[in-house]
file coords-v7.txt (compact mmCIF, C-alpha atoms)
# COMPACT_ATOMS: atom_id res chain seq x y z
CA SER B 1 0.00 0.00 0.00
CA PRO B 2 1.16 3.60 -0.52
CA LYS B 3 3.51 4.76 2.22
CA GLN B 4 1.62 8.04 2.45
CA HIS B 5 -1.23 6.19 4.15
CA ALA B 6 0.88 4.14 6.56
CA LEU B 7 0.37 4.87 10.24
CA GLU B 8 3.61 5.75 12.05
CA MET B 9 4.32 6.67 15.65
CA VAL B 10 6.49 9.80 15.53
CA THR B 11 6.94 13.04 17.45
CA LEU B 12 7.78 16.48 16.11
CA GLU B 13 10.75 16.52 18.47
CA GLU B 14 12.46 13.64 16.63
CA LEU B 15 11.62 15.03 13.17
CA VAL B 16 13.44 18.35 13.65
CA PRO B 17 17.24 18.18 13.08
CA ALA B 18 19.34 18.83 16.19
CA ASP B 19 21.32 21.61 14.48
CA HIS B 20 18.33 23.45 13.02
CA LEU B 21 18.48 27.25 13.41
CA LEU B 22 15.09 27.38 15.12
CA ARG B 23 16.31 24.90 17.75
CA LYS B 24 19.23 27.19 18.54
CA ILE B 25 16.93 30.19 18.84
CA ALA B 26 14.43 28.36 21.05
CA GLN B 27 17.28 27.16 23.26
CA HIS B 28 18.40 30.68 24.14
CA ILE B 29 15.37 32.98 23.74
CA ASP B 30 12.18 32.75 25.79
CA PHE B 31 9.41 34.42 23.79
CA GLU B 32 6.79 34.23 26.55
CA PHE B 33 7.48 37.88 27.49
CA ILE B 34 5.62 38.87 24.29
CA ARG B 35 2.26 37.90 25.79
CA PRO B 36 2.27 40.35 28.75
CA ALA B 37 3.96 42.99 26.57
CA THR B 38 1.02 42.91 24.12
CA GLN B 39 -1.77 42.32 26.63
CA HIS B 40 -2.97 45.95 26.54
CA LEU B 41 -3.60 45.63 22.80
CA TYR B 42 -6.18 42.84 23.19
CA CYS B 43 -9.73 42.80 24.52
CA ALA B 44 -10.36 40.00 27.01
CA ASP B 45 -14.16 39.77 26.66
CA ASN B 46 -15.13 40.95 23.18
CA GLY B 47 -14.71 39.60 19.67
CA ARG B 48 -13.60 36.23 18.42
CA PRO B 49 -10.42 34.61 19.75
CA ALA B 50 -7.26 36.14 18.31
CA ILE B 51 -4.04 34.47 17.21
CA ASP B 52 -1.82 34.03 20.25
CA PRO B 53 0.61 37.00 20.06
CA VAL B 54 3.60 34.75 20.81
CA THR B 55 2.65 32.54 17.86
CA LEU B 56 1.97 35.56 15.64
CA PHE B 57 5.37 37.12 16.20
CA LYS B 58 7.12 33.76 15.89
CA MET B 59 5.47 33.41 12.46
CA LEU B 60 6.84 36.81 11.46
CA PHE B 61 10.30 35.76 12.68
CA ILE B 62 10.15 32.62 10.53
CA GLY B 63 9.19 34.66 7.48
CA TYR B 64 12.06 37.07 8.07
CA LEU B 65 14.70 34.47 8.93
CA PHE B 66 13.98 32.24 5.94
CA GLY B 67 13.18 34.92 3.36
CA VAL B 68 9.47 34.19 2.87
CA ARG B 69 8.27 37.29 1.05
CA SER B 70 4.49 37.08 1.56
CA GLU B 71 2.19 36.07 4.40
CA ARG B 72 0.19 33.81 2.09
CA GLN B 73 3.35 31.91 1.17
CA LEU B 74 4.40 31.88 4.83
CA MET B 75 1.21 30.07 5.79
CA ARG B 76 1.83 27.49 3.05
CA GLU B 77 5.36 26.92 4.33
CA ILE B 78 4.20 26.50 7.93
CA GLN B 79 1.56 24.02 6.77
CA VAL B 80 4.17 21.55 5.47
CA ASN B 81 7.35 22.35 7.44
CA VAL B 82 7.67 20.29 10.64
CA ALA B 83 10.44 22.51 12.03
CA TYR B 84 8.21 25.57 11.70
CA ARG B 85 5.35 23.72 13.44
CA TRP B 86 7.73 22.63 16.21
CA PHE B 87 8.89 26.23 16.75
CA LEU B 88 5.29 27.49 16.83
CA ASP B 89 4.10 24.75 19.22
CA LEU B 90 1.68 23.45 16.58
CA SER B 91 1.00 19.74 16.21
CA LEU B 92 1.03 17.97 12.84
CA THR B 93 -2.75 18.30 12.64
CA ASP B 94 -3.26 21.81 14.11
CA LYS B 95 -4.88 24.20 11.65
CA VAL B 96 -2.61 26.98 10.41
CA PRO B 97 -4.17 30.47 10.62
CA ASP B 98 -5.38 32.11 7.44
CA ALA B 99 -2.97 34.57 5.84
CA SER B 100 -5.52 37.39 5.96
CA THR B 101 -6.01 36.82 9.70
CA LEU B 102 -2.27 37.20 10.25
CA SER B 103 -1.98 40.33 8.09
CA GLN B 104 -5.03 42.05 9.63
CA ASN B 105 -3.74 41.41 13.15
CA ARG B 106 -0.33 42.74 12.21
CA ARG B 107 -1.61 45.83 10.38
CA ARG B 108 -4.51 46.85 12.60
CA ARG B 109 -3.82 45.66 16.12
CA PHE B 110 -0.25 46.95 16.27
CA ALA B 111 -0.76 50.14 14.24
CA ASP B 112 0.61 53.32 15.87
CA THR B 113 2.36 51.36 18.62
CA ASP B 114 6.00 50.70 19.43
CA ILE B 115 5.40 47.02 20.19
CA GLU B 116 7.81 45.80 17.48
CA GLN B 117 10.61 47.84 19.06
CA VAL B 118 9.66 46.61 22.55
CA ILE B 119 9.87 42.98 21.39
CA PHE B 120 13.13 43.58 19.53
CA ASP B 121 14.66 45.16 22.64
CA GLY B 122 13.42 42.28 24.80
CA ILE B 123 15.12 39.72 22.57
CA VAL B 124 18.36 41.70 22.49
CA GLU B 125 18.35 42.02 26.29
CA GLN B 126 18.00 38.25 26.66
CA ALA B 127 20.85 37.72 24.22
CA MET B 128 23.02 40.09 26.27
CA GLN B 129 22.15 38.35 29.54
CA LYS B 130 23.15 34.97 28.08
CA GLY B 131 26.42 36.20 26.63
CA LEU B 132 25.38 35.86 22.98
CA ILE B 133 26.32 39.48 22.27
CA GLY B 134 29.83 40.79 22.75
CA GLY B 135 29.32 44.48 21.94
CA GLU B 136 32.98 44.83 20.96
CA VAL B 137 33.20 43.90 17.27
CA LEU B 138 30.43 44.85 14.84
CA HIS B 139 30.24 43.87 11.17
CA THR B 140 28.34 46.17 8.78
CA ASP B 141 27.51 45.64 5.13
CA SER B 142 25.07 47.12 2.67
CA THR B 143 23.30 46.01 -0.45
CA HIS B 144 20.88 47.43 -2.99
CA LEU B 145 17.24 46.35 -2.86
CA LYS B 146 15.23 46.83 -6.03
CA ALA B 147 12.26 49.14 -5.58
CA SER B 148 8.87 48.18 -6.97
CA ALA B 149 9.02 51.00 -9.51
CA ASN B 150 9.25 51.19 -13.29
CA LYS B 151 12.60 52.73 -14.26
CA GLN B 152 10.93 54.48 -17.20
CA ARG B 153 8.49 56.42 -15.04
CA PHE B 154 10.23 59.35 -13.42
CA SER B 155 10.47 63.12 -13.28
CA VAL B 156 13.72 65.07 -13.41
CA HIS B 157 14.50 67.37 -10.47
CA GLN B 158 17.24 69.94 -10.00
CA VAL B 159 19.10 69.28 -6.74
CA GLU B 160 21.66 71.61 -5.17
CA GLN B 161 25.03 69.98 -4.50
CA ARG B 162 26.21 71.10 -1.07
CA PRO B 163 29.82 70.85 0.14
CA VAL B 164 30.32 68.05 2.62
CA ASP B 165 30.82 68.84 6.29
CA TYR B 166 34.34 67.46 6.18
CA LEU B 167 35.52 70.25 3.85
CA ALA B 168 33.92 72.84 6.10
CA GLU B 169 35.81 71.38 9.06
CA LEU B 170 39.08 71.57 7.15
CA ASN B 171 38.49 75.25 6.36
CA ALA B 172 37.66 75.95 10.01
CA ALA B 173 40.91 74.27 11.07
CA ILE B 174 42.89 76.44 8.63
CA ASP B 175 41.27 79.60 9.98
CA ALA B 176 42.04 78.54 13.58
CA ASP B 177 45.68 77.89 12.67
CA ARG B 178 46.04 81.25 10.91
CA GLN B 179 44.49 83.02 13.90
CA ALA B 180 46.92 81.28 16.26
CA HIS B 181 49.78 82.64 14.18
CA GLY B 182 48.38 86.18 14.08
CA LYS B 183 47.16 85.95 10.50
CA GLN B 184 43.88 87.06 9.04
CA PRO B 185 41.42 84.28 8.13
CA LEU B 186 41.15 83.50 4.45
CA LYS B 187 38.36 85.25 2.64
CA PRO B 188 35.66 82.80 1.60
CA LYS B 189 35.34 82.44 -2.14
CA ALA B 190 32.03 83.49 -3.49
CA SER B 191 30.68 80.74 -5.66
CA GLU B 192 27.35 79.90 -7.11
CA PRO B 193 25.78 76.71 -5.80
CA GLU B 194 26.12 73.79 -8.17
CA PHE B 195 23.10 71.84 -9.27
CA LYS B 196 22.67 68.40 -10.73
CA GLU B 197 19.78 66.61 -12.33
CA THR B 198 18.36 63.61 -10.51
CA LYS B 199 15.59 61.19 -11.46
CA VAL B 200 12.71 60.84 -9.01
CA SER B 201 10.36 57.90 -9.42
CA THR B 202 6.71 58.86 -9.88
CA THR B 203 5.73 55.48 -8.37
CA ASP B 204 8.09 55.36 -5.38
CA PRO B 205 9.72 58.77 -4.83
CA ASP B 206 11.58 57.54 -1.70
CA SER B 207 13.77 55.24 -3.81
CA GLY B 208 16.91 56.39 -5.60
CA PHE B 209 18.01 55.92 -9.20
CA MET B 210 21.17 53.83 -9.49
CA THR B 211 23.58 53.88 -12.40
CA ARG B 212 26.77 51.90 -11.76
CA ASP B 213 29.15 49.74 -13.73
CA ASN B 214 28.17 46.06 -13.73
CA LYS B 215 24.97 46.88 -11.82
CA PRO B 216 21.38 46.87 -13.08
CA GLN B 217 20.01 50.34 -13.75
CA GLY B 218 16.83 51.42 -12.03
CA PHE B 219 15.28 52.54 -8.76
CA PHE B 220 16.71 50.93 -5.62
CA TYR B 221 16.98 51.25 -1.85
CA LEU B 222 20.26 50.98 0.06
CA ASP B 223 19.89 48.44 2.86
CA HIS B 224 22.41 48.38 5.72
CA ARG B 225 22.90 45.50 8.15
CA THR B 226 25.01 45.45 11.30
CA VAL B 227 25.60 42.25 13.27
CA ASP B 228 27.46 41.56 16.47
CA GLY B 229 30.73 39.70 15.93
CA LYS B 230 30.08 37.25 18.74

call {"tool": "encode", "arguments": {"input": "coords-v7.txt", "output": "structure tokens"}}
result
Amino acid sequence: SPKQHALEMVTLEELVPADHLLRKIAQHIDFEFIRPATQHLYCADNGRPAIDPVTLFKMLFIGYLFGVRSERQLMREIQVNVAYRWFLDLSLTDKVPDASTLSQNRRRRFADTDIEQVIFDGIVEQAMQKGLIGGEVLHTDSTHLKASANKQRFSVHQVEQRPVDYLAELNAAIDADRQAHGKQPLKPKASEPEFKETKVSTTDPDSGFMTRDNKPQGFFYLDHRTVDGK
């Protein structure tokens, strides 16, 4: 008979690899603090039962950690991934929440609050207490993220090019040195401000237009990441 219909006695615990990333996270971080931290955002006696906030934020962590780009896809991944179910305290037969339920909770319940920052800080504090963070060596890198904007749809703006602060500091140092030696400060040169043309997306004006050798041309964001060396 097909193996898919065979009855087997297994536990989620034995199905998740010992070196899985989620095991390492669960070993060091206790997420139960999320529940009291979000309690004021829930009503105890009105409306239908909500997704447990600990489970909700754990779902968002899974999506972020493993690069799942949509909540609908995230729910599909949780449905079939035993490690995700283990991390979320879901059994093999527990129903996974609907994607719209997750998104509405995230967008409406936590709107205009600082709860994401509170939870982030709580996790970092636990990592510090358990010696997971050194605070001595930090590694920073950046990359370009493509904006959801057509590179052909833009308007051209004139932007003034301002001298960088570093040059102003150098000029101030020269003036201080001349004054110390009894000399008159140099007269500033009168110059017209320089302007350059820049492309501004009509779809996503917050993005920037990138033109570089061996890079795709278009509208992008610059994303910076800093991680603790330890």

call {"tool": "residues_around", "arguments": {"input": "coords-v7.txt", "residues": "segment 97-101 of chain B", "least_positions_apart": "3", "cutoff": "8 Å", "atoms": "all atoms listed in the file", "output": "ChimeraX atom specification"}}
result
/B:51,71-72,74-75,104-105

call {"tool": "atom_distance", "arguments": {"input": "coords-v7.txt", "atom1": "atom CA of Phe66 of chain B", "atom2": "atom CA of Asp19 of chain B"}}
result
15.5 Å

call {"tool": "residues_near_point", "arguments": {"input": "coords-v7.txt", "point": "(9.4, 53.5, -13.4)", "cutoff": "10 Å", "atoms": "only C-alpha atoms", "output": "JSON, numbers by chain"}}
result
{"B": [147, 148, 149, 150, 151, 152, 153, 154, 155, 200, 201, 202, 203, 204, 209, 218, 219]}

call {"tool": "closest_atom_pairs", "arguments": {"input": "coords-v7.txt", "of": "segment 86-146 of chain B", "to": "segment 227-230 of chain B", "cutoff": "10 Å", "atoms": "all atoms listed in the file", "output": "tab-separated table"}}
result
residue	atom	partner	partner_atom	distance
B:Gly131	CA	B:Lys230	CA	8.8
B:Leu132	CA	B:Lys230	CA	6.5
B:Ile133	CA	B:Lys230	CA	5.6
B:Gly134	CA	B:Lys230	CA	5.4
B:Gly135	CA	B:Asp228	CA	6.5
B:Glu136	CA	B:Gly229	CA	7.5
B:Val137	CA	B:Gly229	CA	5.1
B:Leu138	CA	B:Asp228	CA	4.7
B:His139	CA	B:Val227	CA	5.3
B:Thr140	CA	B:Val227	CA	6.6
B:Asp141	CA	B:Val227	CA	9.0

call {"tool": "write_last_selection", "arguments": {"input": "coords-v7.txt", "atoms": "C-alpha atoms", "output": "short mmCIF file (atom, residue, chain, number, x, y, z; two decimals), keeping the file's coordinate frame"}}
result
data_model
loop_
_atom_site.label_atom_id
_atom_site.label_comp_id
_atom_site.auth_asym_id
_atom_site.auth_seq_id
_atom_site.Cartn_x
_atom_site.Cartn_y
_atom_site.Cartn_z
CA GLY B 131 26.42 36.20 26.63
CA LEU B 132 25.38 35.86 22.98
CA ILE B 133 26.32 39.48 22.27
CA GLY B 134 29.83 40.79 22.75
CA GLY B 135 29.32 44.48 21.94
CA GLU B 136 32.98 44.83 20.96
CA VAL B 137 33.20 43.90 17.27
CA LEU B 138 30.43 44.85 14.84
CA HIS B 139 30.24 43.87 11.17
CA THR B 140 28.34 46.17 8.78
CA ASP B 141 27.51 45.64 5.13
#

call {"tool": "atom_distance", "arguments": {"input": "coords-v7.txt", "atom1": "atom CA of Tyr221 of chain B", "atom2": "atom CA of Arg76 of chain B"}}
result
28.6 Å

call {"tool": "residues_around", "arguments": {"input": "coords-v7.txt", "residues": "His144 of chain B", "least_positions_apart": "4", "cutoff": "9 Å", "atoms": "only C-alpha atoms", "output": "VMD selection string"}}
result
chain B and resid 220 to 224

call {"tool": "closest_residue", "arguments": {"input": "coords-v7.txt", "among": "B:Leu145, B:Glu13, B:His28, B:Gln4", "to": "Glu125 of chain B", "atoms": "only C-alpha atoms"}}
result
B:His28
